[in-house]
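**Q** I have a structure here, written as structure tokens, and I will follow up with some questions on it.
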Amino acid sequence: MHNRTGSQNPDPIFLDPDEQNLLFLNIIQRSLSGILIFQEDRVVFSNPALQEMIGLTEDEILQMDPFDLVHPIDHDLVRQRAAQRLKGLSPPEDYKFRILTSDGEAKWMRLFATSITYRGKPAILANILDIDEQTRADELQRKNDRLRITLLDSLPHPAMLISRDRIVLAANRYALDLGAQIGEFCGNGFGKQVFTFEATDNFQSEAECRIPSGPTVCQICRVDQALESMEQFCVRALEARGRYWDAFWIPVDEDTYLHYAIDVTEQKKIEQAIRKSEERYRLITETMSDGISVQDQEGIFNQVNRRLCQISGIARRELIGRNFADLFVKREDKPDDIANVIVNQEKFETEAFIRHKDGRRIEVSLKIEPLINDDGDHKGSYAFLKDISEVRELQRQALIPNMFENIVGRERSMRKLFTEIIELAAFDFPVLIQGESGVGKELIAQAVHNQSSRNAAMFVPINCAALPEGLLESELFGHVKGAFTGAIRDKKGRFELAHGGTILLDEIAELSPAMQVKLLRVLQEGEFERVGDHLTRKTNVRIISATNKSLEHEMIARRFRQDLYYRICVMPILVPPLRDRKNDIPLLADHFLSVISRQTSGRKPSLSTESLVLLMTYHWPGNVRELQNAIQWAYVKSKGYTIQPKHLPRAIGSSPSKTIRRRKRRSKLNQKAVRDALHQTGDNKVQAAKLLGVNRATLYRFLEKQITNKK
């Protein structure tokens, strides 16, 4: 059949309502593709699938111009083809175009258009398929392919895209210059197609080695394994064609690898030169007596020598990667001093403490120098550390004063006590001083107060054992006028007087249970009332307690409250008795003689060697107080001249021969006793022999024997 234009065309389909087949209508209604019938400028039919595609109801579609559904870009194309088909000038055809959904989105559709007659008029039956997702996916794939090629060409190294089955999909010009051929089989990337590896390389033929075995695995097998498992893989410093290469296989997707190689020949030469330089550097630094380290710009350890590990007690593998400043004990006045020096690229010399791995503080001299390259850029720093702890300890022993806050002593136990006083004074916590009677607990409390930030306020001591309970409460908290017989005016207590300062509760173990409860409230709340008053007062004092008893035993005996003990014993101090620090006796005796001579404006007598021996061998149950009394007695008896044994109190000087005979009965001397005696007498062997209770010849024989044994 020929149409009016004479072009050959299939017979049109006539679908008059009377001729419609009910089954055919049901098929159209249930079709998964969109069905649209339109005539000229109006839609006469749409099925549910089309309505769902574009998001409009049937009534909304029937009221629309069919071309309003078409995207403006494709509007002219679709209208032109529809006009030709309504005139019967086009055979059935299909093409792609975009529609606009109800929410304004553009979606790709595929149109199958056929000319029909609907109710006696020409019409077009449009079968529409949603191909939006597929179209977008295809476009994305094309973009990705173009992007891959672009990225491949942008690499400054030979690079290829290879499929999992080893076909070269793409190659940049560097790879093409080296012999890569697109579309050909690539055995192992550059391993077989681009590079020709020498026999010394770890690439064997596939015939020689297909399955890796043992600790050494051929490189071809390692590449095969990586490609089969789609893993990222690299081979470093391959030598081929007289150059060194780093080869990489990186999965792009489940079927494609990016394979490229970087020429590292120059880097390899530099590394070899650096390695030789490092070996020389290590040989020098490892034999030095100073600790040496190299840090980056942030102060992180890059290199440390063996001596630094010895000084710190920390292994090299633990130091590398740590911050240099963390090795040092932080100073409260300059917590970031060393860290700031490193960051600010400064030269720096100081003395500091590092924290040994076992917790000890090691004193070191420190020198830091910035690390500058040839271009003048700061690349970090290097440091020199020298352990000076032994030298400083000897200097401190030589220069340490004989007196600290009126406390005399140079024994190690006393130096430790002085350090504790300074440390405790920096905090405001309660202190408990324990020690025998006469050791000087009040002096130590006064020293803690003087060294603390409260030293501008009052230090108020009170002896809890010296007053009865009724008077003690008034002394501690004060009273108001008329509170008891004799209270003729208001009186402040010790806690009010000590406000802002320190109060010493001496002999605190003697407090009654009732007073312990009242004291506990002051410690917990900082509040109290004067005797006879209902006004609550606030106080801000530091509590220092002292006792010559064991509070632990007192708690077991239920004479001292456990909660009060834990309130006052936050920072305990134990004062050694005089018998445990007898080397301080000459210092104490000389100090007391100086004080007495100043008070009496008289001459200062000296101690005879025999008197010093008696003082050193006495047990001193009354401790420093008893020694002070003995010196005062001897001063009076000697009338300002040399103090002889007869001038000492009877308990000390009554039987000197007995003491000497006891010394003489010793079967032999010991090294510690001889060393102590020589130290006390300034290496005077005659006086040391008297102090030890032996004759001079005995001491000489002992010393000669020690020298012979050493040889």
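Labeling convention for the structure tokens: chains A, B, ... as they appear, residues from 1 per chain, ligands from 1 in order of appearance.
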Please provide the set of residues having any atom within 10 Å of Arg567 in chain A, restricted to only C-alpha atoms, with same-chain residues fewer than 2 positions apart removed, written as a count of residues only.

**A** 15

**Q** Would you compute the distance between CA of Ile162 in chain A and CA of Thr256 in chain A? Give it in Å to one decimal.

**A** 5.8 Å

**Q** Would you kindly return, as a PDB file with all heavy atoms, in the first residue's frame, each protein, DNA or RNA residue with an atom no farther than 10 Å from any atom of Arg322 in chain A, considering only C-alpha atoms and excluding same-chain residues fewer than 6 positions away?

**A**
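After the write, result-v3.pdb holds the following:
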ATOM      1  N   GLN A 295      66.644  15.232  66.200  1.00  0.00           N
ATOM      2  CA  GLN A 295      65.200  15.392  66.244  1.00  0.00           C
ATOM      3  C   GLN A 295      64.720  16.120  64.987  1.00  0.00           C
ATOM      4  O   GLN A 295      65.476  16.891  64.387  1.00  0.00           O
ATOM      5  CB  GLN A 295      64.747  16.219  67.455  1.00  0.00           C
ATOM      6  CG  GLN A 295      65.102  15.622  68.794  1.00  0.00           C
ATOM      7  CD  GLN A 295      66.553  15.777  69.164  1.00  0.00           C
ATOM      8  OE1 GLN A 295      67.230  14.819  69.497  1.00  0.00           O
ATOM      9  NE2 GLN A 295      67.077  16.996  69.079  1.00  0.00           N
ATOM     10  N   GLY A 299      60.495  18.034  67.179  1.00  0.00           N
ATOM     11  CA  GLY A 299      61.161  17.497  68.363  1.00  0.00           C
ATOM     12  C   GLY A 299      61.041  15.993  68.506  1.00  0.00           C
ATOM     13  O   GLY A 299      61.294  15.453  69.589  1.00  0.00           O
ATOM     14  N   ILE A 300      60.687  15.275  67.437  1.00  0.00           N
ATOM     15  CA  ILE A 300      60.545  13.819  67.496  1.00  0.00           C
ATOM     16  C   ILE A 300      61.901  13.170  67.201  1.00  0.00           C
ATOM     17  O   ILE A 300      62.581  13.516  66.235  1.00  0.00           O
ATOM     18  CB  ILE A 300      59.491  13.331  66.483  1.00  0.00           C
ATOM     19  CG1 ILE A 300      58.146  14.037  66.733  1.00  0.00           C
ATOM     20  CG2 ILE A 300      59.318  11.827  66.570  1.00  0.00           C
ATOM     21  CD1 ILE A 300      57.584  13.839  68.110  1.00  0.00           C
ATOM     22  N   PHE A 301      62.307  12.210  68.047  1.00  0.00           N
ATOM     23  CA  PHE A 301      63.582  11.520  67.872  1.00  0.00           C
ATOM     24  C   PHE A 301      63.645  10.821  66.511  1.00  0.00           C
ATOM     25  O   PHE A 301      62.764  10.031  66.169  1.00  0.00           O
ATOM     26  CB  PHE A 301      63.777  10.461  68.965  1.00  0.00           C
ATOM     27  CG  PHE A 301      64.241  11.011  70.282  1.00  0.00           C
ATOM     28  CD1 PHE A 301      63.448  10.903  71.415  1.00  0.00           C
ATOM     29  CD2 PHE A 301      65.473  11.618  70.399  1.00  0.00           C
ATOM     30  CE1 PHE A 301      63.866  11.397  72.636  1.00  0.00           C
ATOM     31  CE2 PHE A 301      65.912  12.106  71.623  1.00  0.00           C
ATOM     32  CZ  PHE A 301      65.100  12.010  72.736  1.00  0.00           C
ATOM     33  N   ASN A 302      64.707  11.104  65.758  1.00  0.00           N
ATOM     34  CA  ASN A 302      65.006  10.362  64.535  1.00  0.00           C
ATOM     35  C   ASN A 302      66.164   9.393  64.755  1.00  0.00           C
ATOM     36  O   ASN A 302      66.155   8.279  64.241  1.00  0.00           O
ATOM     37  CB  ASN A 302      65.359  11.317  63.392  1.00  0.00           C
ATOM     38  CG  ASN A 302      64.139  12.022  62.842  1.00  0.00           C
ATOM     39  OD1 ASN A 302      63.027  11.517  62.943  1.00  0.00           O
ATOM     40  ND2 ASN A 302      64.327  13.197  62.282  1.00  0.00           N
TER      41      ASN A 302
END

**Q** Please identify the alpha helix (DSSP H) residues within range 486-593 of chain A (assignment by DSSP from backbone atoms) and present them as a ChimeraX atom specification.

**A** /A:494-497,513-525,551-556,562-568,585-593

**Q** If you count only C-alpha atoms, which residues fall within 10 Å of His619 in chain A, apart from same-chain ones fewer than 4 positions away, as a ChimeraX atom specification?

**A** /A:578-580,582,614-615,623,652

**Q** Those same residues, written as a tab-separated table (two decimals), in the first residue's frame with N, CA and C atoms?

**A**
chain	number	residue	atom	x	y	z
A	578	LEU	N	69.07	11.04	117.07
A	578	LEU	CA	70.47	11.46	117.01
A	578	LEU	C	71.42	10.27	116.93
A	579	ARG	N	71.08	9.14	117.55
A	579	ARG	CA	71.97	7.98	117.53
A	579	ARG	C	72.12	7.41	116.12
A	580	ASP	N	71.16	7.73	115.20
A	580	ASP	CA	71.25	7.25	113.82
A	580	ASP	C	71.97	8.22	112.91
A	582	LYS	N	75.11	10.06	114.05
A	582	LYS	CA	76.14	10.50	114.98
A	582	LYS	C	77.22	11.35	114.32
A	614	LEU	N	83.57	10.55	123.68
A	614	LEU	CA	82.46	10.24	124.59
A	614	LEU	C	81.12	10.68	123.99
A	615	LEU	N	81.10	11.84	123.37
A	615	LEU	CA	79.85	12.31	122.77
A	615	LEU	C	79.41	11.39	121.63
A	623	ASN	N	68.11	12.68	122.60
A	623	ASN	CA	68.36	13.22	121.26
A	623	ASN	C	69.03	14.60	121.30
A	652	ILE	N	77.32	10.95	130.83
A	652	ILE	CA	78.13	10.82	129.61
A	652	ILE	C	79.59	10.57	129.95

**Q** I'd like the contact shell of Asp428 in chain A - 12 Å cut-off, only C-alpha atoms, skipping same-chain residues fewer than 6 positions apart - returned as a list in words.

**A** Val448, His449, Gln451, Ser452, Ser453, Arg454, Asn455, Gly500, Gly501, Thr502, Asn540, Val541, Arg542, Ile543, Ile544, Ile568, Val570 and Met571 of chain A

**Q** Residues within 10 Å of range 87-104 of chain A, please, as a count of residues only. Count only C-alpha atoms; anything in the same chain fewer than 4 positions from it doesn't count.

**A** 51

**Q** Determine which residues of range 53-174 of chain A receive a DSSP assignment of strand (DSSP E or B), computed from the backbone, and state them as a PyMOL selection string.

**A** chain A and resi 70+93-100+106-118+121-130+159-163+167-171

**Q** Fewer than 2 positions away in the same chain doesn't count, so skip those; otherwise give me all residues within 10 Å of range 638-648 of chain A, counting only C-alpha atoms, as an MDAnalysis selection string.

**A** chainID A and resid 593 597 602:615 630:636 650:656

**Q** Kindly export the residues of the current selection with N, CA and C atoms, as a compact mmCIF listing (two decimals), in the first residue's frame.

**A**
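Now in selection21.txt:
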# COMPACT_ATOMS: atom_id res chain seq x y z
N LEU A 593 77.91 25.52 120.95
CA LEU A 593 78.96 26.33 121.59
C LEU A 593 78.99 27.74 121.01
N SER A 597 78.26 31.13 123.22
CA SER A 597 79.29 32.18 123.32
C SER A 597 78.72 33.52 122.86
N GLY A 602 81.01 35.50 125.67
CA GLY A 602 82.24 34.91 126.16
C GLY A 602 83.00 34.23 125.04
N ARG A 603 84.12 33.66 125.41
CA ARG A 603 84.92 32.97 124.41
C ARG A 603 84.30 31.61 124.10
N LYS A 604 84.57 31.12 122.90
CA LYS A 604 84.02 29.84 122.46
C LYS A 604 85.04 28.75 122.76
N PRO A 605 84.71 27.83 123.66
CA PRO A 605 85.66 26.76 123.97
C PRO A 605 85.67 25.70 122.87
N SER A 606 86.69 24.86 122.90
CA SER A 606 86.78 23.75 121.96
C SER A 606 86.56 22.45 122.69
N LEU A 607 86.32 21.39 121.93
CA LEU A 607 86.13 20.06 122.50
C LEU A 607 87.41 19.26 122.38
N SER A 608 87.81 18.63 123.45
CA SER A 608 88.97 17.75 123.37
C SER A 608 88.59 16.48 122.62
N THR A 609 89.62 15.79 122.14
CA THR A 609 89.36 14.55 121.38
C THR A 609 88.66 13.52 122.26
N GLU A 610 89.08 13.44 123.53
CA GLU A 610 88.46 12.47 124.43
C GLU A 610 86.99 12.80 124.66
N SER A 611 86.67 14.09 124.77
CA SER A 611 85.28 14.49 124.97
C SER A 611 84.44 14.18 123.73
N LEU A 612 85.04 14.39 122.57
CA LEU A 612 84.31 14.10 121.33
C LEU A 612 84.03 12.60 121.20
N VAL A 613 85.03 11.78 121.65
CA VAL A 613 84.82 10.33 121.61
C VAL A 613 83.65 9.95 122.50
N LEU A 614 83.57 10.55 123.68
CA LEU A 614 82.46 10.24 124.59
C LEU A 614 81.12 10.68 123.99
N LEU A 615 81.10 11.84 123.37
CA LEU A 615 79.85 12.31 122.77
C LEU A 615 79.41 11.39 121.63
N ALA A 630 73.76 19.00 127.43
CA ALA A 630 75.10 18.55 127.82
C ALA A 630 76.16 19.59 127.45
N ILE A 631 76.01 20.23 126.30
CA ILE A 631 76.99 21.25 125.88
C ILE A 631 76.88 22.48 126.79
N GLN A 632 75.65 22.85 127.13
CA GLN A 632 75.49 24.00 128.03
C GLN A 632 76.13 23.71 129.40
N TRP A 633 75.93 22.51 129.91
CA TRP A 633 76.54 22.11 131.19
C TRP A 633 78.07 22.16 131.07
N ALA A 634 78.61 21.59 130.00
CA ALA A 634 80.06 21.56 129.82
C ALA A 634 80.63 22.96 129.67
N TYR A 635 79.90 23.87 129.03
CA TYR A 635 80.36 25.25 128.85
C TYR A 635 80.53 25.92 130.21
N VAL A 636 79.55 25.67 131.06
CA VAL A 636 79.62 26.29 132.40
C VAL A 636 80.80 25.70 133.17
N ARG A 650 77.51 13.69 134.17
CA ARG A 650 77.97 12.43 134.73
C ARG A 650 77.53 11.24 133.89
N ALA A 651 76.31 11.28 133.32
CA ALA A 651 75.82 10.14 132.54
C ALA A 651 76.68 9.90 131.31
N ILE A 652 77.32 10.95 130.83
CA ILE A 652 78.13 10.82 129.61
C ILE A 652 79.59 10.57 129.95
N GLY A 653 80.12 11.28 130.95
CA GLY A 653 81.56 11.22 131.21
C GLY A 653 81.96 10.44 132.43
N SER A 654 81.05 9.70 133.07
CA SER A 654 81.39 9.04 134.33
C SER A 654 82.29 7.84 134.12
N SER A 655 82.20 7.10 133.02
CA SER A 655 83.01 5.88 132.85
C SER A 655 83.60 5.81 131.44
N PRO A 656 84.45 6.77 131.13
CA PRO A 656 85.06 6.74 129.78
C PRO A 656 85.94 5.53 129.55

**Q** Please measure the separation of CA of Gly526 in chain A and CA of Ala487 in chain A, giving the value in Å to one decimal.

**A** 25.0 Å

**Q** Go ahead and compute the interatomic distance for CA of Ala456 in chain A and CA of Leu476 in chain A, in Å to one decimal.

**A**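 CA of Leu476 in chain A lies at a distance of 21.1 Å from CA of Ala456 in chain A.
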